[in-house]
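coords12.pdb follows (PDB, C-alpha atoms, pLDDT in the B column):
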ATOM      1  CA  GLY A 143      12.882   0.184  12.489  1.00 85.00           C
ATOM      2  CA  ASP A 144      12.273   1.491   9.003  1.00 89.00           C
ATOM      3  CA  SER A 145       9.713   4.270   8.650  1.00 93.00           C
ATOM      4  CA  VAL A 146       8.312   6.848   6.231  1.00 96.00           C
ATOM      5  CA  THR A 147       7.068  10.332   7.064  1.00 96.00           C
ATOM      6  CA  GLN A 148       4.961  12.389   4.662  1.00 95.00           C
ATOM      7  CA  MET A 149       3.829  15.972   4.851  1.00 86.00           C
ATOM      8  CA  GLU A 150       0.432  16.503   6.408  1.00 83.00           C
ATOM      9  CA  GLY A 151      -2.518  17.024   4.150  1.00 84.00           C
ATOM     10  CA  PRO A 152      -4.837  17.895   2.684  1.00 94.00           C
ATOM     11  CA  VAL A 153      -3.065  19.891   0.018  1.00 96.00           C
ATOM     12  CA  THR A 154      -5.336  22.122  -2.043  1.00 97.00           C
ATOM     13  CA  LEU A 155      -4.055  23.644  -5.269  1.00 97.00           C
ATOM     14  CA  SER A 156      -5.448  25.424  -8.264  1.00 97.00           C
ATOM     15  CA  GLU A 157      -5.131  23.795 -11.679  1.00 97.00           C
ATOM     16  CA  GLU A 158      -1.691  24.320 -13.291  1.00 96.00           C
ATOM     17  CA  ALA A 159      -0.017  25.022  -9.941  1.00 97.00           C
ATOM     18  CA  PHE A 160       3.296  23.417  -8.973  1.00 97.00           C
ATOM     19  CA  LEU A 161       3.056  20.445  -6.625  1.00 97.00           C
ATOM     20  CA  THR A 162       5.497  19.218  -4.006  1.00 97.00           C
ATOM     21  CA  ILE A 163       4.659  16.497  -1.500  1.00 97.00           C
ATOM     22  CA  ASN A 164       7.474  15.913   0.954  1.00 97.00           C
ATOM     23  CA  CYS A 165       8.572  12.442   1.986  1.00 97.00           C
ATOM     24  CA  THR A 166      11.456  11.492   4.250  1.00 97.00           C
ATOM     25  CA  TYR A 167      12.472   8.059   5.392  1.00 96.00           C
ATOM     26  CA  THR A 168      14.456   6.208   8.019  1.00 94.00           C
ATOM     27  CA  ALA A 169      16.075   2.952   7.013  1.00 90.00           C
ATOM     28  CA  THR A 170      19.240   0.978   7.438  1.00 83.00           C
ATOM     29  CA  GLY A 171      21.072   0.130   4.270  1.00 80.00           C
ATOM     30  CA  TYR A 172      19.752   1.019   0.837  1.00 84.00           C
ATOM     31  CA  PRO A 173      15.977   0.775   0.512  1.00 90.00           C
ATOM     32  CA  SER A 174      13.984   1.118  -2.681  1.00 91.00           C
ATOM     33  CA  LEU A 175      11.519   4.020  -2.675  1.00 94.00           C
ATOM     34  CA  PHE A 176       8.052   4.286  -4.190  1.00 95.00           C
ATOM     35  CA  TRP A 177       5.130   6.604  -4.691  1.00 97.00           C
ATOM     36  CA  TYR A 178       1.692   5.004  -4.878  1.00 97.00           C
ATOM     37  CA  VAL A 179      -1.534   6.810  -5.748  1.00 97.00           C
ATOM     38  CA  GLN A 180      -5.127   6.051  -4.863  1.00 94.00           C
ATOM     39  CA  TYR A 181      -7.698   7.796  -7.047  1.00 93.00           C
ATOM     40  CA  PRO A 182     -11.248   8.143  -5.678  1.00 89.00           C
ATOM     41  CA  GLY A 183     -13.025   4.802  -5.807  1.00 85.00           C
ATOM     42  CA  GLU A 184      -9.993   2.947  -7.128  1.00 87.00           C
ATOM     43  CA  GLY A 185      -7.274   0.719  -5.715  1.00 89.00           C
ATOM     44  CA  LEU A 186      -3.691   1.644  -4.948  1.00 94.00           C
ATOM     45  CA  GLN A 187      -1.440   1.783  -7.965  1.00 94.00           C
ATOM     46  CA  LEU A 188       2.263   2.367  -8.423  1.00 95.00           C
ATOM     47  CA  LEU A 189       3.054   5.864  -9.680  1.00 97.00           C
ATOM     48  CA  LEU A 190       6.860   5.758  -9.772  1.00 97.00           C
ATOM     49  CA  LYS A 191       9.868   4.250  -8.068  1.00 94.00           C
ATOM     50  CA  ALA A 192      13.625   4.550  -7.577  1.00 94.00           C
ATOM     51  CA  THR A 193      15.867   1.717  -6.484  1.00 90.00           C
ATOM     52  CA  LYS A 194      19.170   3.462  -5.750  1.00 89.00           C
ATOM     53  CA  ALA A 195      20.562   6.802  -4.675  1.00 92.00           C
ATOM     54  CA  ASP A 196      20.295   9.665  -7.206  1.00 94.00           C
ATOM     55  CA  ASP A 197      17.814   7.709  -9.338  1.00 95.00           C
ATOM     56  CA  LYS A 198      14.868   9.741 -10.604  1.00 97.00           C
ATOM     57  CA  GLY A 199      11.529   8.046 -11.001  1.00 96.00           C
ATOM     58  CA  SER A 200       8.994   9.626 -13.341  1.00 97.00           C
ATOM     59  CA  ASN A 201       5.509   8.921 -14.674  1.00 97.00           C
ATOM     60  CA  LYS A 202       2.518  10.955 -15.877  1.00 95.00           C
ATOM     61  CA  GLY A 203       4.447  14.212 -15.374  1.00 97.00           C
ATOM     62  CA  PHE A 204       5.327  13.363 -11.765  1.00 98.00           C
ATOM     63  CA  GLU A 205       8.960  13.072 -10.673  1.00 98.00           C
ATOM     64  CA  ALA A 206      10.834  12.125  -7.517  1.00 98.00           C
ATOM     65  CA  THR A 207      14.572  11.871  -6.888  1.00 97.00           C
ATOM     66  CA  TYR A 208      16.120   9.464  -4.386  1.00 96.00           C
ATOM     67  CA  ARG A 209      18.294  11.682  -2.141  1.00 96.00           C
ATOM     68  CA  LYS A 210      20.307   9.552   0.226  1.00 93.00           C
ATOM     69  CA  GLU A 211      22.100  12.528   1.796  1.00 94.00           C
ATOM     70  CA  THR A 212      18.797  14.024   2.968  1.00 95.00           C
ATOM     71  CA  THR A 213      16.916  10.679   3.185  1.00 95.00           C
ATOM     72  CA  SER A 214      14.155  12.160   1.048  1.00 97.00           C
ATOM     73  CA  PHE A 215      12.002  11.259  -1.954  1.00 97.00           C
ATOM     74  CA  HIS A 216       9.831  14.297  -2.575  1.00 98.00           C
ATOM     75  CA  LEU A 217       7.112  14.075  -5.242  1.00 98.00           C
ATOM     76  CA  GLU A 218       6.846  16.953  -7.722  1.00 98.00           C
ATOM     77  CA  LYS A 219       4.738  17.931 -10.698  1.00 98.00           C
ATOM     78  CA  GLY A 220       5.082  21.112 -12.640  1.00 97.00           C
ATOM     79  CA  SER A 221       1.430  21.659 -13.491  1.00 96.00           C
ATOM     80  CA  VAL A 222      -1.328  19.736 -11.744  1.00 97.00           C
ATOM     81  CA  GLN A 223      -4.716  18.922 -13.229  1.00 97.00           C
ATOM     82  CA  VAL A 224      -8.071  18.282 -11.595  1.00 97.00           C
ATOM     83  CA  SER A 225      -7.633  14.621 -12.510  1.00 96.00           C
ATOM     84  CA  ASP A 226      -4.574  14.439 -10.221  1.00 97.00           C
ATOM     85  CA  SER A 227      -6.841  14.755  -7.184  1.00 97.00           C
ATOM     86  CA  ALA A 228      -6.088  11.621  -5.158  1.00 97.00           C
ATOM     87  CA  VAL A 229      -4.303  10.310  -2.079  1.00 96.00           C
ATOM     88  CA  TYR A 230      -0.541   9.873  -2.530  1.00 97.00           C
ATOM     89  CA  PHE A 231       1.493   7.411  -0.466  1.00 97.00           C
ATOM     90  CA  CYS A 232       5.251   7.328  -0.139  1.00 97.00           C
ATOM     91  CA  ALA A 233       6.668   3.881   0.639  1.00 95.00           C
ATOM     92  CA  LEU A 234       9.920   2.037   1.032  1.00 93.00           C
ATOM     93  CA  ASP A 235      11.061  -1.520   0.634  1.00 90.00           C
ATOM     94  CA  GLY A 236      13.578  -1.963   3.410  1.00 74.00           C
ATOM     95  CA  SER A 237      17.198  -2.866   3.045  1.00 57.00           C
ATOM     96  CA  SER A 238      16.366  -6.547   2.761  1.00 68.00           C
ATOM     97  CA  ASN A 239      14.384  -5.776  -0.417  1.00 66.00           C
ATOM     98  CA  THR A 240      11.915  -8.566   0.229  1.00 75.00           C
ATOM     99  CA  GLY A 241       8.894  -6.722  -1.090  1.00 81.00           C
ATOM    100  CA  LYS A 242       7.689  -5.730   2.363  1.00 86.00           C
ATOM    101  CA  LEU A 243       6.457  -2.181   1.761  1.00 91.00           C
ATOM    102  CA  ILE A 244       6.326   0.344   4.586  1.00 93.00           C
ATOM    103  CA  PHE A 245       3.965   3.197   3.791  1.00 96.00           C
ATOM    104  CA  GLY A 246       3.654   6.754   4.980  1.00 96.00           C
ATOM    105  CA  GLN A 247       0.293   7.969   6.201  1.00 95.00           C
ATOM    106  CA  GLY A 248      -0.744   9.406   2.840  1.00 96.00           C
ATOM    107  CA  THR A 249      -1.303  12.958   1.593  1.00 96.00           C
ATOM    108  CA  THR A 250      -4.610  14.009   0.075  1.00 96.00           C
ATOM    109  CA  LEU A 251      -4.335  16.309  -2.931  1.00 97.00           C
ATOM    110  CA  GLN A 252      -7.305  18.289  -4.128  1.00 97.00           C
ATOM    111  CA  VAL A 253      -6.955  20.280  -7.325  1.00 97.00           C
ATOM    112  CA  LYS A 254      -9.562  22.923  -8.037  1.00 96.00           C
ATOM    113  CA  PRO A 255     -10.407  24.187 -11.524  1.00 94.00           C
TER     114      PRO A 255
ATOM    115  CA  GLU B 278      -4.986  -9.160 -17.987  1.00 66.00           C
ATOM    116  CA  ALA B 279      -7.346  -9.453 -15.043  1.00 81.00           C
ATOM    117  CA  GLY B 280      -6.342  -7.618 -11.891  1.00 92.00           C
ATOM    118  CA  VAL B 281      -6.316  -8.747  -8.289  1.00 95.00           C
ATOM    119  CA  ALA B 282      -9.811  -9.783  -7.234  1.00 95.00           C
ATOM    120  CA  GLN B 283     -11.137  -9.502  -3.696  1.00 96.00           C
ATOM    121  CA  SER B 284     -14.427 -10.349  -2.070  1.00 96.00           C
ATOM    122  CA  PRO B 285     -16.536  -9.266  -0.415  1.00 96.00           C
ATOM    123  CA  ARG B 286     -16.125  -5.551  -1.069  1.00 95.00           C
ATOM    124  CA  TYR B 287     -17.896  -4.583   2.146  1.00 96.00           C
ATOM    125  CA  LYS B 288     -18.630  -6.409   5.393  1.00 97.00           C
ATOM    126  CA  ILE B 289     -20.329  -5.303   8.589  1.00 98.00           C
ATOM    127  CA  ILE B 290     -20.156  -7.554  11.659  1.00 97.00           C
ATOM    128  CA  GLU B 291     -20.611  -7.369  15.404  1.00 97.00           C
ATOM    129  CA  LYS B 292     -17.571  -7.570  17.663  1.00 96.00           C
ATOM    130  CA  ARG B 293     -16.586 -11.127  18.622  1.00 96.00           C
ATOM    131  CA  GLN B 294     -17.972 -12.472  15.353  1.00 97.00           C
ATOM    132  CA  SER B 295     -15.815 -14.113  12.698  1.00 97.00           C
ATOM    133  CA  VAL B 296     -15.149 -12.925   9.177  1.00 97.00           C
ATOM    134  CA  ALA B 297     -13.193 -14.152   6.161  1.00 98.00           C
ATOM    135  CA  PHE B 298     -11.838 -12.343   3.124  1.00 97.00           C
ATOM    136  CA  TRP B 299     -10.858 -13.893  -0.176  1.00 97.00           C
ATOM    137  CA  CYS B 300      -8.205 -12.853  -2.683  1.00 97.00           C
ATOM    138  CA  ASN B 301      -7.422 -14.107  -6.166  1.00 96.00           C
ATOM    139  CA  PRO B 302      -4.073 -12.726  -7.380  1.00 96.00           C
ATOM    140  CA  ILE B 303      -3.012 -11.997 -10.935  1.00 95.00           C
ATOM    141  CA  SER B 304      -2.335 -15.226 -12.778  1.00 94.00           C
ATOM    142  CA  GLY B 305       1.275 -16.348 -12.465  1.00 92.00           C
ATOM    143  CA  HIS B 306       2.132 -14.094  -9.536  1.00 94.00           C
ATOM    144  CA  ALA B 307       4.092 -16.047  -6.969  1.00 93.00           C
ATOM    145  CA  THR B 308       4.004 -13.454  -4.197  1.00 94.00           C
ATOM    146  CA  LEU B 309       0.841 -12.437  -2.375  1.00 96.00           C
ATOM    147  CA  TYR B 310       0.440  -9.812   0.345  1.00 96.00           C
ATOM    148  CA  TRP B 311      -2.306  -8.863   2.782  1.00 97.00           C
ATOM    149  CA  TYR B 312      -2.288  -5.310   4.114  1.00 97.00           C
ATOM    150  CA  GLN B 313      -4.481  -3.597   6.690  1.00 98.00           C
ATOM    151  CA  GLN B 314      -5.325   0.070   6.061  1.00 96.00           C
ATOM    152  CA  ILE B 315      -6.937   1.897   8.954  1.00 96.00           C
ATOM    153  CA  LEU B 316      -8.718   5.129   8.063  1.00 92.00           C
ATOM    154  CA  GLY B 317      -6.243   8.002   7.745  1.00 89.00           C
ATOM    155  CA  GLN B 318      -3.195   5.750   7.740  1.00 91.00           C
ATOM    156  CA  GLY B 319      -1.064   4.027   5.151  1.00 94.00           C
ATOM    157  CA  PRO B 320      -1.366   0.294   4.535  1.00 96.00           C
ATOM    158  CA  LYS B 321       0.433  -2.003   6.976  1.00 96.00           C
ATOM    159  CA  LEU B 322       1.668  -5.410   5.867  1.00 95.00           C
ATOM    160  CA  LEU B 323       0.034  -8.281   7.744  1.00 97.00           C
ATOM    161  CA  ILE B 324       1.411 -11.289   5.905  1.00 96.00           C
ATOM    162  CA  GLN B 325       3.428 -12.112   2.792  1.00 94.00           C
ATOM    163  CA  PHE B 326       3.342 -15.426   0.924  1.00 94.00           C
ATOM    164  CA  GLN B 327       5.795 -16.736  -1.621  1.00 92.00           C
ATOM    165  CA  ASN B 328       3.838 -19.439  -3.463  1.00 90.00           C
ATOM    166  CA  ASN B 329       2.153 -21.246  -0.549  1.00 86.00           C
ATOM    167  CA  GLY B 330       4.847 -20.499   2.050  1.00 91.00           C
ATOM    168  CA  VAL B 331       4.856 -17.630   4.531  1.00 92.00           C
ATOM    169  CA  VAL B 332       7.706 -15.143   4.058  1.00 90.00           C
ATOM    170  CA  ASP B 333       6.751 -12.612   6.734  1.00 90.00           C
ATOM    171  CA  ASP B 334       3.920 -12.617   9.250  1.00 93.00           C
ATOM    172  CA  SER B 335       5.628 -10.565  11.930  1.00 91.00           C
ATOM    173  CA  GLN B 336       2.793  -8.006  12.115  1.00 92.00           C
ATOM    174  CA  LEU B 337      -0.087 -10.462  11.993  1.00 95.00           C
ATOM    175  CA  PRO B 338      -1.997 -10.618  15.336  1.00 94.00           C
ATOM    176  CA  LYS B 339      -1.855 -14.372  15.456  1.00 94.00           C
ATOM    177  CA  ASP B 340      -4.217 -14.721  18.411  1.00 95.00           C
ATOM    178  CA  ARG B 341      -7.105 -13.649  16.180  1.00 97.00           C
ATOM    179  CA  PHE B 342      -5.908 -13.424  12.581  1.00 97.00           C
ATOM    180  CA  SER B 343      -5.028 -16.318  10.312  1.00 97.00           C
ATOM    181  CA  ALA B 344      -4.260 -16.594   6.627  1.00 97.00           C
ATOM    182  CA  GLU B 345      -3.626 -19.378   4.189  1.00 95.00           C
ATOM    183  CA  ARG B 346      -2.706 -19.735   0.569  1.00 95.00           C
ATOM    184  CA  LEU B 347      -3.422 -23.299  -0.372  1.00 82.00           C
ATOM    185  CA  LYS B 348      -2.012 -24.445  -3.720  1.00 85.00           C
ATOM    186  CA  GLY B 349      -0.122 -21.173  -4.028  1.00 84.00           C
ATOM    187  CA  VAL B 350      -2.925 -19.293  -5.772  1.00 92.00           C
ATOM    188  CA  ASP B 351      -5.988 -17.958  -3.912  1.00 95.00           C
ATOM    189  CA  SER B 352      -5.693 -16.776  -0.355  1.00 97.00           C
ATOM    190  CA  THR B 353      -8.058 -16.349   2.587  1.00 97.00           C
ATOM    191  CA  LEU B 354      -7.599 -14.021   5.558  1.00 98.00           C
ATOM    192  CA  LYS B 355      -9.704 -14.739   8.645  1.00 98.00           C
ATOM    193  CA  ILE B 356     -10.409 -12.797  11.810  1.00 97.00           C
ATOM    194  CA  GLN B 357     -11.817 -14.669  14.794  1.00 97.00           C
ATOM    195  CA  PRO B 358     -13.025 -13.056  17.005  1.00 96.00           C
ATOM    196  CA  ALA B 359     -13.200  -9.522  15.607  1.00 97.00           C
ATOM    197  CA  LYS B 360     -12.561  -6.444  17.724  1.00 97.00           C
ATOM    198  CA  LEU B 361     -13.670  -2.868  17.161  1.00 97.00           C
ATOM    199  CA  GLU B 362     -10.107  -1.860  16.251  1.00 96.00           C
ATOM    200  CA  ASP B 363     -10.139  -4.316  13.329  1.00 97.00           C
ATOM    201  CA  SER B 364     -12.356  -1.904  11.398  1.00 98.00           C
ATOM    202  CA  ALA B 365     -10.250  -1.128   8.326  1.00 97.00           C
ATOM    203  CA  VAL B 366      -9.812  -1.804   4.625  1.00 97.00           C
ATOM    204  CA  TYR B 367      -8.050  -5.094   3.952  1.00 98.00           C
ATOM    205  CA  LEU B 368      -5.974  -4.965   0.796  1.00 97.00           C
ATOM    206  CA  CYS B 369      -4.591  -7.872  -1.146  1.00 97.00           C
ATOM    207  CA  ALA B 370      -1.674  -7.370  -3.514  1.00 96.00           C
ATOM    208  CA  SER B 371       0.355  -9.654  -5.738  1.00 95.00           C
ATOM    209  CA  SER B 372       3.631  -9.520  -7.636  1.00 94.00           C
ATOM    210  CA  GLN B 373       5.644 -11.834  -9.839  1.00 92.00           C
ATOM    211  CA  GLY B 374       8.515 -11.946  -7.381  1.00 86.00           C
ATOM    212  CA  GLN B 375       9.504 -10.140  -4.209  1.00 79.00           C
ATOM    213  CA  GLY B 376      12.295  -7.802  -5.308  1.00 76.00           C
ATOM    214  CA  PRO B 377      12.121  -4.022  -5.791  1.00 71.00           C
ATOM    215  CA  THR B 378      11.657  -4.440  -9.549  1.00 79.00           C
ATOM    216  CA  ASP B 379       8.550  -6.568  -8.999  1.00 86.00           C
ATOM    217  CA  THR B 380       5.613  -4.191  -8.959  1.00 90.00           C
ATOM    218  CA  GLN B 381       2.897  -4.934  -6.433  1.00 93.00           C
ATOM    219  CA  TYR B 382      -0.606  -4.790  -7.906  1.00 94.00           C
ATOM    220  CA  PHE B 383      -3.377  -4.063  -5.431  1.00 95.00           C
ATOM    221  CA  GLY B 384      -6.952  -5.225  -5.381  1.00 95.00           C
ATOM    222  CA  PRO B 385      -9.896  -2.940  -4.585  1.00 93.00           C
ATOM    223  CA  GLY B 386      -9.933  -3.977  -0.935  1.00 95.00           C
ATOM    224  CA  THR B 387     -12.563  -5.199   1.508  1.00 97.00           C
ATOM    225  CA  ARG B 388     -13.942  -2.569   3.848  1.00 96.00           C
ATOM    226  CA  LEU B 389     -14.682  -4.130   7.259  1.00 98.00           C
ATOM    227  CA  THR B 390     -16.796  -2.392   9.860  1.00 98.00           C
ATOM    228  CA  VAL B 391     -16.937  -3.958  13.327  1.00 97.00           C
ATOM    229  CA  LEU B 392     -19.823  -2.702  15.482  1.00 97.00           C
TER     230      LEU B 392
END

Taking this structure as input, can you express it in the form of structure tokens?
Amino acid sequence: GDSVTQMEGPVTLSEEAFLTINCTYTATGYPSLFWYVQYPGEGLQLLLKATKADDKGSNKGFEATYRKETTSFHLEKGSVQVSDSAVYFCALDGSSNTGKLIFGQGTTLQVKP
Amino acid sequence: EAGVAQSPRYKIIEKRQSVAFWCNPISGHATLYWYQQILGQGPKLLIQFQNNGVVDDSQLPKDRFSAERLKGVDSTLKIQPAKLEDSAVYLCASSQGQGPTDTQYFGPGTRLTVL
């Protein structure tokens, strides 16, 4: 079945460092891909998404490119801030595109001043 | 615009007891989801409603879990009887439709502890 694998956390970075959180997926067909973020004490919220191969999703300085050839959707940010400290979840909506999200296990990011 | 509301926020029960969670989605959202998030894992879909009909309940443990969405608005998720492994955060989400362009908005969750 469909699945998502994220890099293990926690990831600890200094402010202004470059961030990459790896995400790979297994799915039949052409899933849509998402990154969700959960800030401390808050609910899950959509960060960015891509619905077809080679699409780039972007928001708040974060970017991720849908790479079908490597089945990946890595999250990147050029310069992280303390306020980016959160748990990041990669997810896919399977080939049926019914809204059923399958999430990775989450990666905790801690940014130190 | 009000977000997805859930109650209670926290619940502690003994194993074999019953518990119910309530969700009020964003007004006008036809699709409602219940997810279970066990500590250290990503959310797992339990059940998806489109209006008041069930779209997917393939991962709902039907011997102990039940959910309803009467009148296509509010929804209730029930566990009876609870087991230790049901300890988790139960998340409700809603969206206007069920396609990839329909963003799912999540509530704050209900944290259940089963002792």

(message) Measuring between only C-alpha atoms, which one of A:Glu184, A:Glu158, A:Glu211, A:Glu218 shows the shortest distance to chain B?
(response) A:Glu184

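For the residues B:Ala282, B:Leu389, B:Cys300, B:Ala344, ranking by smallest atom-to-atom distance to Leu323 in chain B using all atoms listed in the file places B:Ala344 first.
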
(message) I'd like the contact shell of Pro152 in chain A - 7 Å cut-off, all atoms listed in the file, skipping same-chain residues fewer than 4 positions apart - returned as a ChimeraX atom specification.
(response) /A:249-251

(request) Kindly provide, as an MDAnalysis selection string, the polymer residues lying within 12 Å of (-11.4, -16.7, 12.1), counting only C-alpha atoms and using the coordinates exactly as they appear in the file. (result) chainID B and resid 293:298 338:345 353:360

(message) Between CA of Gln180 in chain A and CA of Gly376 in chain B, what distance in Å does the model show, to one decimal?
(response) 22.3 Å

Evaluate the PyMOL selection byres ((chain B) within 9 of (chain A)) against this structure - the residues, as a PDB file with C-alpha atoms, keeping the file's coordinate frame, please.
ATOM      1  CA  THR B 308       4.004 -13.454  -4.197  1.00 94.00           C
ATOM      2  CA  TYR B 310       0.440  -9.812   0.345  1.00 96.00           C
ATOM      3  CA  GLY B 317      -6.243   8.002   7.745  1.00 89.00           C
ATOM      4  CA  GLN B 318      -3.195   5.750   7.740  1.00 91.00           C
ATOM      5  CA  GLY B 319      -1.064   4.027   5.151  1.00 94.00           C
ATOM      6  CA  PRO B 320      -1.366   0.294   4.535  1.00 96.00           C
ATOM      7  CA  LYS B 321       0.433  -2.003   6.976  1.00 96.00           C
ATOM      8  CA  LEU B 322       1.668  -5.410   5.867  1.00 95.00           C
ATOM      9  CA  GLN B 325       3.428 -12.112   2.792  1.00 94.00           C
ATOM     10  CA  VAL B 332       7.706 -15.143   4.058  1.00 90.00           C
ATOM     11  CA  ASP B 333       6.751 -12.612   6.734  1.00 90.00           C
ATOM     12  CA  LEU B 368      -5.974  -4.965   0.796  1.00 97.00           C
ATOM     13  CA  SER B 372       3.631  -9.520  -7.636  1.00 94.00           C
ATOM     14  CA  GLY B 374       8.515 -11.946  -7.381  1.00 86.00           C
ATOM     15  CA  GLN B 375       9.504 -10.140  -4.209  1.00 79.00           C
ATOM     16  CA  GLY B 376      12.295  -7.802  -5.308  1.00 76.00           C
ATOM     17  CA  PRO B 377      12.121  -4.022  -5.791  1.00 71.00           C
ATOM     18  CA  THR B 378      11.657  -4.440  -9.549  1.00 79.00           C
ATOM     19  CA  ASP B 379       8.550  -6.568  -8.999  1.00 86.00           C
ATOM     20  CA  THR B 380       5.613  -4.191  -8.959  1.00 90.00           C
ATOM     21  CA  GLN B 381       2.897  -4.934  -6.433  1.00 93.00           C
ATOM     22  CA  TYR B 382      -0.606  -4.790  -7.906  1.00 94.00           C
ATOM     23  CA  PHE B 383      -3.377  -4.063  -5.431  1.00 95.00           C
ATOM     24  CA  GLY B 384      -6.952  -5.225  -5.381  1.00 95.00           C
ATOM     25  CA  PRO B 385      -9.896  -2.940  -4.585  1.00 93.00           C
ATOM     26  CA  GLY B 386      -9.933  -3.977  -0.935  1.00 95.00           C
TER      27      GLY B 386
END

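Residue nearest Ser156 in chain A, chosen from A:Gln223, A:Ala228, A:Asp144, A:Leu190 and counting all atoms listed in the file: A:Gln223.
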
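Of the listed residues A:Val179, A:Glu157, A:Gly151, A:Ile163, the one whose atoms come nearest to Asn201 in chain A is A:Val179, with distances taken using all atoms listed in the file.
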
(request) Could you please determine the separation between CA of Gly203 in chain A and CA of Phe215 in chain A in Å, to one decimal place? (result)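 Between these atoms lies a distance of 15.7 Å.
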
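Residue nearest Thr390 in chain B within the list B:Gly349, B:Ser304, B:Lys292, B:Val331: B:Lys292 [criterion: smallest interatomic distance, only C-alpha atoms].
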
(request) Determine the residue set returned by the PyMOL selection byres ((chain A and resi 224) around 8) for the present structure, and present it as an MDAnalysis selection string. (result) chainID A and resid 157 222:223 225:227 252:255

(request) Run through the PyMOL selection byres ((chain A and resi 147) around 7) on the given coordinates and return the selected residues as a ChimeraX atom specification. (result) /A:145-146,148-149,165-167,246

Selected residues written out, C-alpha atoms, as an mmCIF file, keeping the file's coordinate frame:
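To be explicit, this is the file written out as selection_1.cif:
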data_model
loop_
_atom_site.group_PDB
_atom_site.id
_atom_site.type_symbol
_atom_site.label_atom_id
_atom_site.label_comp_id
_atom_site.auth_asym_id
_atom_site.auth_seq_id
_atom_site.Cartn_x
_atom_site.Cartn_y
_atom_site.Cartn_z
ATOM 1 C CA SER A 145 9.713 4.270 8.650
ATOM 2 C CA VAL A 146 8.312 6.848 6.231
ATOM 3 C CA GLN A 148 4.961 12.389 4.662
ATOM 4 C CA MET A 149 3.829 15.972 4.851
ATOM 5 C CA CYS A 165 8.572 12.442 1.986
ATOM 6 C CA THR A 166 11.456 11.492 4.250
ATOM 7 C CA TYR A 167 12.472 8.059 5.392
ATOM 8 C CA GLY A 246 3.654 6.754 4.980
#

(message) I need the residue nearest Ser352 in chain B from this list: B:Gln327, B:Gln313, B:Asn301, B:Ser335. Use all atoms listed in the file for the distance.
(response)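 For Ser352 in chain B, the nearest of the candidates is B:Asn301.
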
(message) Give me the residues near Glu205 in chain A as a list in words, where near means some atom within 7 Å (using only C-alpha atoms) and where sequence neighbours in that chain fewer than 5 positions away do not count.
(response)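 Skipping anything fewer than 5 positions along the chain leaves Lys198, Gly199, Ser200, Leu217, Glu218 and Lys219 of chain A.
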